[in-house]
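J.: File final25.txt follows (compact mmCIF, C-alpha atoms):
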```txt
# COMPACT_ATOMS: atom_id res chain seq x y z
CA MET C 1 61.76 -36.60 39.68
CA LEU C 2 62.50 -35.84 43.31
CA VAL C 3 59.87 -33.11 43.83
CA GLU C 4 56.61 -32.77 41.91
CA ALA C 5 53.86 -30.17 42.24
CA ARG C 6 50.60 -30.98 40.47
CA GLY C 7 47.82 -28.43 40.16
CA LEU C 8 48.72 -26.59 43.36
CA THR C 9 46.08 -24.05 44.33
CA LYS C 10 45.74 -21.90 47.44
CA GLU C 11 42.69 -19.84 48.40
CA TYR C 12 42.27 -17.49 51.33
CA GLY C 13 38.98 -16.08 52.53
CA GLU C 14 36.09 -15.79 50.11
CA GLY C 15 37.60 -17.56 47.13
CA THR C 16 40.65 -15.30 46.88
CA ARG C 17 43.21 -17.36 44.98
CA VAL C 18 46.85 -16.49 45.57
CA VAL C 19 48.09 -19.56 43.67
CA GLU C 20 46.16 -21.30 40.91
CA ASP C 21 46.90 -24.63 39.21
CA VAL C 22 50.70 -24.60 39.44
CA SER C 23 52.55 -27.70 38.23
CA PHE C 24 56.26 -28.41 37.82
CA ALA C 25 58.87 -31.04 38.70
CA ILE C 26 62.47 -30.89 39.94
CA ALA C 27 64.92 -33.67 39.09
CA ARG C 28 67.29 -34.95 41.75
CA GLY C 29 70.46 -32.85 41.91
CA GLU C 30 69.03 -30.01 39.82
CA THR C 31 67.86 -26.48 40.55
CA LEU C 32 64.52 -24.99 39.53
CA GLY C 33 64.35 -21.22 39.58
CA LEU C 34 60.94 -19.86 40.59
CA VAL C 35 60.72 -16.25 39.49
CA GLY C 36 58.20 -13.44 39.39
CA GLU C 37 57.43 -10.05 40.89
CA SER C 38 56.55 -9.58 44.55
CA GLY C 39 53.12 -10.98 45.31
CA SER C 40 53.16 -13.45 42.42
CA GLY C 41 52.74 -16.42 44.76
CA LYS C 42 56.31 -17.78 44.74
CA SER C 43 56.73 -18.12 48.48
CA THR C 44 53.25 -19.58 48.91
CA VAL C 45 54.13 -22.31 46.41
CA ALA C 46 57.33 -23.05 48.31
CA ARG C 47 55.51 -23.31 51.62
CA MET C 48 52.98 -25.69 50.09
CA LEU C 49 55.83 -27.90 48.86
CA LEU C 50 57.13 -28.09 52.43
CA ARG C 51 53.62 -28.42 53.93
CA LEU C 52 54.10 -25.28 55.95
CA VAL C 53 50.91 -24.15 54.19
CA GLU C 54 48.18 -26.64 53.24
CA PRO C 55 47.05 -26.41 49.59
CA THR C 56 43.39 -25.85 48.80
CA ALA C 57 43.83 -28.28 45.91
CA GLY C 58 46.57 -30.19 44.14
CA GLU C 59 49.29 -32.70 44.95
CA VAL C 60 52.87 -32.64 46.20
CA ARG C 61 54.97 -35.75 45.66
CA TYR C 62 58.43 -36.27 47.11
CA ASP C 63 60.44 -39.11 45.60
CA GLY C 64 57.15 -40.60 44.43
CA ARG C 65 55.43 -40.35 47.83
CA ASP C 66 52.29 -38.28 48.43
CA LEU C 67 53.44 -35.63 50.89
CA LEU C 68 49.94 -34.31 51.55
CA ALA C 69 48.71 -37.73 52.66
CA MET C 70 51.41 -38.13 55.31
CA ARG C 71 50.48 -38.10 58.98
CA ALA C 72 52.45 -36.24 61.62
CA GLY C 73 55.01 -38.98 62.29
CA GLU C 74 55.74 -39.57 58.62
CA LEU C 75 55.94 -35.86 57.93
CA ARG C 76 58.34 -35.32 60.83
CA ALA C 77 60.69 -37.94 59.40
CA MET C 78 60.36 -36.43 55.93
CA ARG C 79 61.34 -32.97 57.21
CA ARG C 80 64.90 -34.27 57.67
CA LYS C 81 65.07 -34.42 53.87
CA MET C 82 63.58 -30.97 53.19
CA GLN C 83 64.84 -27.68 54.59
CA VAL C 84 64.50 -23.98 53.85
CA VAL C 85 66.73 -20.91 53.86
CA PHE C 86 64.70 -17.73 54.28
CA GLN C 87 65.20 -14.27 52.81
CA ASP C 88 66.02 -12.31 55.97
CA PRO C 89 69.21 -13.71 57.54
CA PHE C 90 68.62 -11.93 60.84
CA ALA C 91 64.92 -12.62 61.41
CA ALA C 92 65.54 -16.34 60.77
CA LEU C 93 67.92 -16.59 63.74
CA ASN C 94 66.90 -16.44 67.40
CA PRO C 95 68.79 -13.40 68.76
CA ARG C 96 68.90 -14.94 72.26
CA MET C 97 70.68 -18.11 71.11
CA LYS C 98 74.38 -18.51 70.45
CA VAL C 99 75.39 -20.07 67.16
CA ARG C 100 76.28 -23.38 68.81
CA ASP C 101 72.70 -23.67 70.10
CA ILE C 102 71.21 -22.58 66.78
CA LEU C 103 73.17 -25.28 64.94
CA ALA C 104 72.44 -27.94 67.55
CA GLU C 105 68.68 -27.27 67.53
CA PRO C 106 67.79 -29.47 64.51
CA PHE C 107 69.51 -32.43 66.15
CA ALA C 108 67.63 -31.83 69.43
CA ILE C 109 64.29 -31.65 67.60
CA HIS C 110 64.95 -35.09 66.12
CA GLY C 111 66.26 -36.56 69.38
CA GLU C 112 69.91 -36.71 68.34
CA ARG C 113 73.11 -35.60 69.99
CA CYS C 114 75.63 -33.35 68.30
CA ASP C 115 79.18 -32.83 69.60
CA ARG C 116 81.39 -29.79 69.16
CA ALA C 117 83.41 -31.40 66.37
CA ARG C 118 80.26 -31.76 64.25
CA LEU C 119 79.27 -28.14 64.92
CA GLU C 120 82.73 -26.93 63.92
CA GLN C 121 82.52 -29.01 60.74
CA MET C 122 79.15 -27.42 59.92
CA LEU C 123 80.68 -23.96 60.20
CA HIS C 124 83.71 -24.93 58.15
CA GLU C 125 81.43 -26.13 55.33
CA VAL C 126 79.96 -22.65 54.98
CA GLY C 127 83.23 -20.75 55.36
CA LEU C 128 83.00 -19.70 59.02
CA ASP C 129 85.51 -20.19 61.81
CA ALA C 130 84.86 -22.36 64.89
CA SER C 131 85.08 -19.23 67.07
CA ALA C 132 81.60 -18.32 65.76
CA LEU C 133 80.04 -20.99 67.98
CA GLY C 134 80.17 -18.78 71.07
CA ARG C 135 78.75 -15.66 69.41
CA TYR C 136 75.23 -14.26 68.98
CA PRO C 137 73.59 -13.42 65.62
CA HIS C 138 73.91 -9.65 66.09
CA GLU C 139 77.70 -10.03 66.15
CA PHE C 140 77.78 -11.11 62.50
CA SER C 141 77.36 -9.36 59.18
CA GLY C 142 74.35 -10.16 57.00
CA GLY C 143 76.36 -12.50 54.80
CA GLN C 144 77.77 -14.35 57.80
CA ARG C 145 74.29 -14.71 59.31
CA GLN C 146 73.05 -16.22 56.06
CA ARG C 147 75.95 -18.69 56.18
CA VAL C 148 74.80 -19.71 59.67
CA ASN C 149 71.28 -20.19 58.28
CA ILE C 150 72.65 -22.38 55.50
CA ALA C 151 74.71 -24.43 57.96
CA ARG C 152 71.61 -25.01 60.09
CA ALA C 153 69.57 -26.00 57.03
CA LEU C 154 72.23 -28.60 56.12
CA ALA C 155 72.59 -29.96 59.67
CA LEU C 156 70.61 -33.16 59.08
CA ARG C 157 71.97 -33.71 55.58
CA PRO C 158 68.75 -32.97 53.64
CA GLU C 159 68.29 -33.76 49.97
CA PHE C 160 66.11 -30.77 49.04
CA LEU C 161 66.49 -27.10 49.96
CA VAL C 162 64.04 -24.29 49.33
CA LEU C 163 66.06 -21.09 48.94
CA ASP C 164 63.55 -18.27 49.38
CA GLU C 165 65.34 -15.21 47.95
CA PRO C 166 68.40 -16.05 50.09
CA VAL C 167 70.55 -13.13 48.90
CA SER C 168 68.01 -10.35 48.26
CA ALA C 169 68.73 -8.76 51.67
CA LEU C 170 72.50 -8.71 51.02
CA ASP C 171 74.60 -6.34 48.97
CA VAL C 172 75.65 -7.54 45.52
CA SER C 173 79.21 -8.69 46.28
CA VAL C 174 78.23 -10.54 49.45
CA GLY C 175 75.24 -12.05 47.70
CA ALA C 176 77.52 -13.32 44.92
CA GLN C 177 79.70 -15.06 47.50
CA VAL C 178 76.68 -16.75 49.07
CA VAL C 179 75.38 -17.89 45.68
CA ASN C 180 78.82 -19.35 44.89
CA LEU C 181 78.72 -21.16 48.23
CA LEU C 182 75.30 -22.61 47.45
CA ARG C 183 76.58 -23.84 44.11
CA GLU C 184 79.60 -25.50 45.74
CA LEU C 185 77.46 -27.19 48.38
CA GLN C 186 75.09 -28.50 45.72
CA GLN C 187 77.95 -30.05 43.80
CA ARG C 188 79.54 -31.50 46.94
CA TYR C 189 76.40 -33.10 48.36
CA GLY C 190 74.20 -33.62 45.30
CA LEU C 191 71.53 -31.28 46.65
CA THR C 192 68.29 -30.39 44.89
CA TYR C 193 67.22 -26.73 45.05
CA LEU C 194 64.10 -24.66 44.55
CA PHE C 195 65.61 -21.20 44.12
CA ILE C 196 63.11 -18.36 44.51
CA SER C 197 64.24 -15.05 43.09
CA HIS C 198 63.30 -11.97 41.11
CA SER C 199 66.81 -11.75 39.63
CA MET C 200 67.17 -13.36 36.22
CA PRO C 201 71.01 -13.18 36.25
CA LEU C 202 71.04 -15.18 39.51
CA VAL C 203 68.63 -17.69 38.02
CA ARG C 204 70.71 -17.97 34.85
CA TYR C 205 73.84 -18.66 36.92
CA LEU C 206 72.42 -21.20 39.37
CA CYS C 207 69.43 -22.91 37.79
CA ASP C 208 68.83 -25.73 35.33
CA CYS C 209 65.15 -24.92 34.71
CA VAL C 210 62.96 -21.87 35.30
CA ALA C 211 59.30 -21.45 36.22
CA VAL C 212 57.84 -17.95 35.82
CA MET C 213 54.88 -16.87 37.93
CA LYS C 214 52.51 -13.95 37.45
CA ARG C 215 49.54 -13.21 39.71
CA GLY C 216 49.49 -16.72 41.14
CA ARG C 217 49.72 -18.59 37.85
CA LEU C 218 52.61 -20.29 36.08
CA VAL C 219 53.04 -18.49 32.75
CA GLU C 220 56.27 -20.03 31.45
CA LEU C 221 58.31 -23.15 32.22
CA GLY C 222 61.41 -24.48 30.51
CA THR C 223 65.17 -24.90 30.65
CA CYS C 224 67.19 -21.94 31.83
CA GLU C 225 68.49 -21.38 28.31
CA GLN C 226 65.00 -21.44 26.82
CA VAL C 227 63.42 -19.08 29.34
CA CYS C 228 66.30 -16.64 29.79
CA ASP C 229 67.50 -16.46 26.19
CA SER C 230 64.31 -17.04 24.21
CA PRO C 231 61.33 -16.25 26.45
CA ARG C 232 57.90 -16.80 24.90
CA GLU C 233 55.91 -14.55 27.22
CA THR C 234 56.01 -10.76 27.21
CA TYR C 235 56.07 -10.80 31.01
CA THR C 236 59.20 -13.00 31.04
CA ARG C 237 60.92 -10.75 28.53
CA GLU C 238 60.16 -7.80 30.80
CA LEU C 239 61.67 -9.62 33.79
CA VAL C 240 64.83 -10.39 31.83
CA ALA C 241 65.13 -6.81 30.59
CA ALA C 242 64.43 -5.25 33.99
CA THR C 243 67.24 -7.03 35.87
CA PRO C 244 70.76 -5.64 35.42
CA GLU C 245 73.65 -8.05 34.95
CA ILE C 246 75.69 -8.76 38.09
CA ARG C 247 79.07 -10.33 38.72
CA LEU C 248 78.78 -13.80 40.22
CA ASN C 249 82.39 -14.92 40.23
CA ALA C 250 83.32 -12.83 43.24
CA ALA C 251 86.16 -14.20 45.34
CA GLU C 252 84.96 -16.04 48.42
```
Spit out the file's structure as structure tokens when you get a sec.

T.:
Amino acid sequence: MLVEARGLTKEYGEGTRVVEDVSFAIARGETLGLVGESGSGKSTVARMLLRLVEPTAGEVRYDGRDLLAMRAGELRAMRRKMQVVFQDPFAALNPRMKVRDILAEPFAIHGERCDRARLEQMLHEVGLDASALGRYPHEFSGGQRQRVNIARALALRPEFLVLDEPVSALDVSVGAQVVNLLRELQQRYGLTYLFISHSMPLVRYLCDCVAVMKRGRLVELGTCEQVCDSPRETYTRELVAATPEIRLNAAE
């Protein structure tokens, strides 16, 4: 397994638990869908996996290594392998930076140079033209901004991406195009995804396995077919029933 969470728990304040005893594993090259209603703890789990939030208890292992035991230098090197694409494609981009600077930033953080040819290649990979390099985030549509976010996340050729509701702020047709792009990129580069969503049709389309969260706890875990087609829990059945089917083969 590439990524393993074991007994992850997060408390805030006077024993208020937002995540309790969550365990799952993601195989290399596969996608785990993490689903549940707003406030179920999905994003907190993701941030603990990336060590953006420190767990109160539990373990995170990456390719067999204890992520929580890593010191700053080790963790910095590890961050090349783990990236995140956030929900809001505008808030995730610095409005004062042009796209060329946004894409070059990961290289600068790690003390590397990046020429224009590499930046143009990064844009091409996500379906954007090289002319985008000289533009600011506000000059793009929501879908285009999310493509810039994806390009930046892939800059250092990571192995593992956390996709935190990456299309929930987009309209359905644009979101379908972005999901198709994510699927293509995964196949091209052998990426491993944690896909956070409240949409069961999206999870069914993109994921190999599904973990269902409710009020900070994992209530169901299995293959996509098991969870989406034959859910054991009433809560999971309600999630499946509540989400309308959407078209995901939109032209790109």

J.: Got a sec: who's within 9 Å of Ala5 of chain C, counting only C-alpha atoms, leaving out chain neighbours fewer than 3 positions off, as a list in words?

T.: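 So, after excluding close chain neighbours, the residues are Leu8, Val22, Ser23, Phe24, Ala25, Ile26, Val45, Leu49, Gly58, Glu59, Val60 and Arg61 of chain C.
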
J.: Rounded to one decimal place, report the atom CA of Glu11 of chain C-atom CA of Thr44 of chain C distance in Å.

T.: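 We find that atom CA of Glu11 of chain C and atom CA of Thr44 of chain C lie 10.6 Å from each other.
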
J.: For Arg135 of chain C, please output as a PyMOL selection string all residues within 9 Å (counting only C-alpha atoms; exclusion window: fewer than 3 positions along the same chain).

T.: chain C and resi 97-100+131-132+138-140

J.: Since we have the selection now, will you write its residues out, keeping C-alpha atoms, as a compact mmCIF listing (two decimals), in the frame of the given file?

T.:
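Below you can see again.txt, which holds the result:
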```txt
# COMPACT_ATOMS: atom_id res chain seq x y z
CA MET C 97 70.68 -18.11 71.11
CA LYS C 98 74.38 -18.51 70.45
CA VAL C 99 75.39 -20.07 67.16
CA ARG C 100 76.28 -23.38 68.81
CA SER C 131 85.08 -19.23 67.07
CA ALA C 132 81.60 -18.32 65.76
CA HIS C 138 73.91 -9.65 66.09
CA GLU C 139 77.70 -10.03 66.15
CA PHE C 140 77.78 -11.11 62.50
```

J.: Point out the residue among C:Glu20, C:Glu125, C:Glu159, C:Glu220 with the least atom-to-atom distance to Gly190 of chain C, counting only C-alpha atoms.

T.: C:Glu159

J.: Which is closest to His124 of chain C among C:Ala241, C:Leu161, C:Val174, C:Ala151, if we use all atoms listed in the file?

T.: C:Ala151

J.: For a cut-off of 12 Å around (77.9, -22.2, 57.6), file coordinates, pick out all residues using all atoms listed in the file and list them as a PyMOL selection string.

T.: chain C and resi 85+99-100+102-103+118-130+132-133+143-155+178+181-182+185

J.: Figure out the distance between atom CA of Arg237 of chain C and atom CA of Lys10 of chain C, please, to one decimal in Å.

T.: 26.7 Å

J.: Could I get the residues of segment 29-119 of chain C with an atom no further than 10 Å from an atom of segment 13-18 of chain C, each paired with its nearest atom pair and that distance in Å to one decimal, using only C-alpha atoms, sorted by chain and residue number, as JSON lines?

T.:
```
{"residue": "C:Gly39", "atom": "CA", "partner": "C:Val18", "partner_atom": "CA", "distance": 8.4}
{"residue": "C:Ser40", "atom": "CA", "partner": "C:Val18", "partner_atom": "CA", "distance": 7.7}
{"residue": "C:Gly41", "atom": "CA", "partner": "C:Val18", "partner_atom": "CA", "distance": 5.9}
{"residue": "C:Lys42", "atom": "CA", "partner": "C:Val18", "partner_atom": "CA", "distance": 9.6}
{"residue": "C:Thr44", "atom": "CA", "partner": "C:Val18", "partner_atom": "CA", "distance": 7.9}
{"residue": "C:Val45", "atom": "CA", "partner": "C:Val18", "partner_atom": "CA", "distance": 9.4}
{"residue": "C:Thr56", "atom": "CA", "partner": "C:Arg17", "partner_atom": "CA", "distance": 9.3}
```

J.: From the options C:Met213, C:Pro89, C:Leu163, C:Ser168, which residue's atoms come nearest to Ser141 of chain C, counting all atoms listed in the file?

T.: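 Distance minimum relative to Ser141 of chain C lands on C:Pro89.
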
J.: Which one of C:Val212, C:Leu206, C:Ala77, C:Val167 sits closest to Glu184 of chain C if you count all atoms listed in the file?

T.: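 So, comparing all the options, the nearest one is C:Leu206.
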
J.: Would you list the contacts of Glu225 of chain C as a short mmCIF file (atom, residue, chain, number, x, y, z; two decimals) with C-alpha atoms, in the coordinates of the input, taking every protein, DNA or RNA residue within 10 Å and counting all atoms listed in the file, but skipping same-chain residues closer than 2 positions in sequence?

T.:
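The file below, result_15.cif, is the result:
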```cif
data_model
loop_
_atom_site.label_atom_id
_atom_site.label_comp_id
_atom_site.auth_asym_id
_atom_site.auth_seq_id
_atom_site.Cartn_x
_atom_site.Cartn_y
_atom_site.Cartn_z
CA ARG C 204 70.71 -17.97 34.85
CA CYS C 207 69.43 -22.91 37.79
CA ASP C 208 68.83 -25.73 35.33
CA CYS C 209 65.15 -24.92 34.71
CA VAL C 210 62.96 -21.87 35.30
CA GLY C 222 61.41 -24.48 30.51
CA THR C 223 65.17 -24.90 30.65
CA VAL C 227 63.42 -19.08 29.34
CA CYS C 228 66.30 -16.64 29.79
CA ASP C 229 67.50 -16.46 26.19
CA SER C 230 64.31 -17.04 24.21
CA PRO C 231 61.33 -16.25 26.45
#
```

J.: How many Å separate atom CA of Met70 of chain C from atom CA of Arg6 of chain C?

T.: 16.5 Å

J.: From the set C:Gly36, C:Tyr62, C:Lys214, C:Ala169, which residue has the shortest atom-to-atom contact distance to Val19 of chain C, counting only C-alpha atoms?

T.: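 Result for the nearest residue to Val19 of chain C: C:Lys214.
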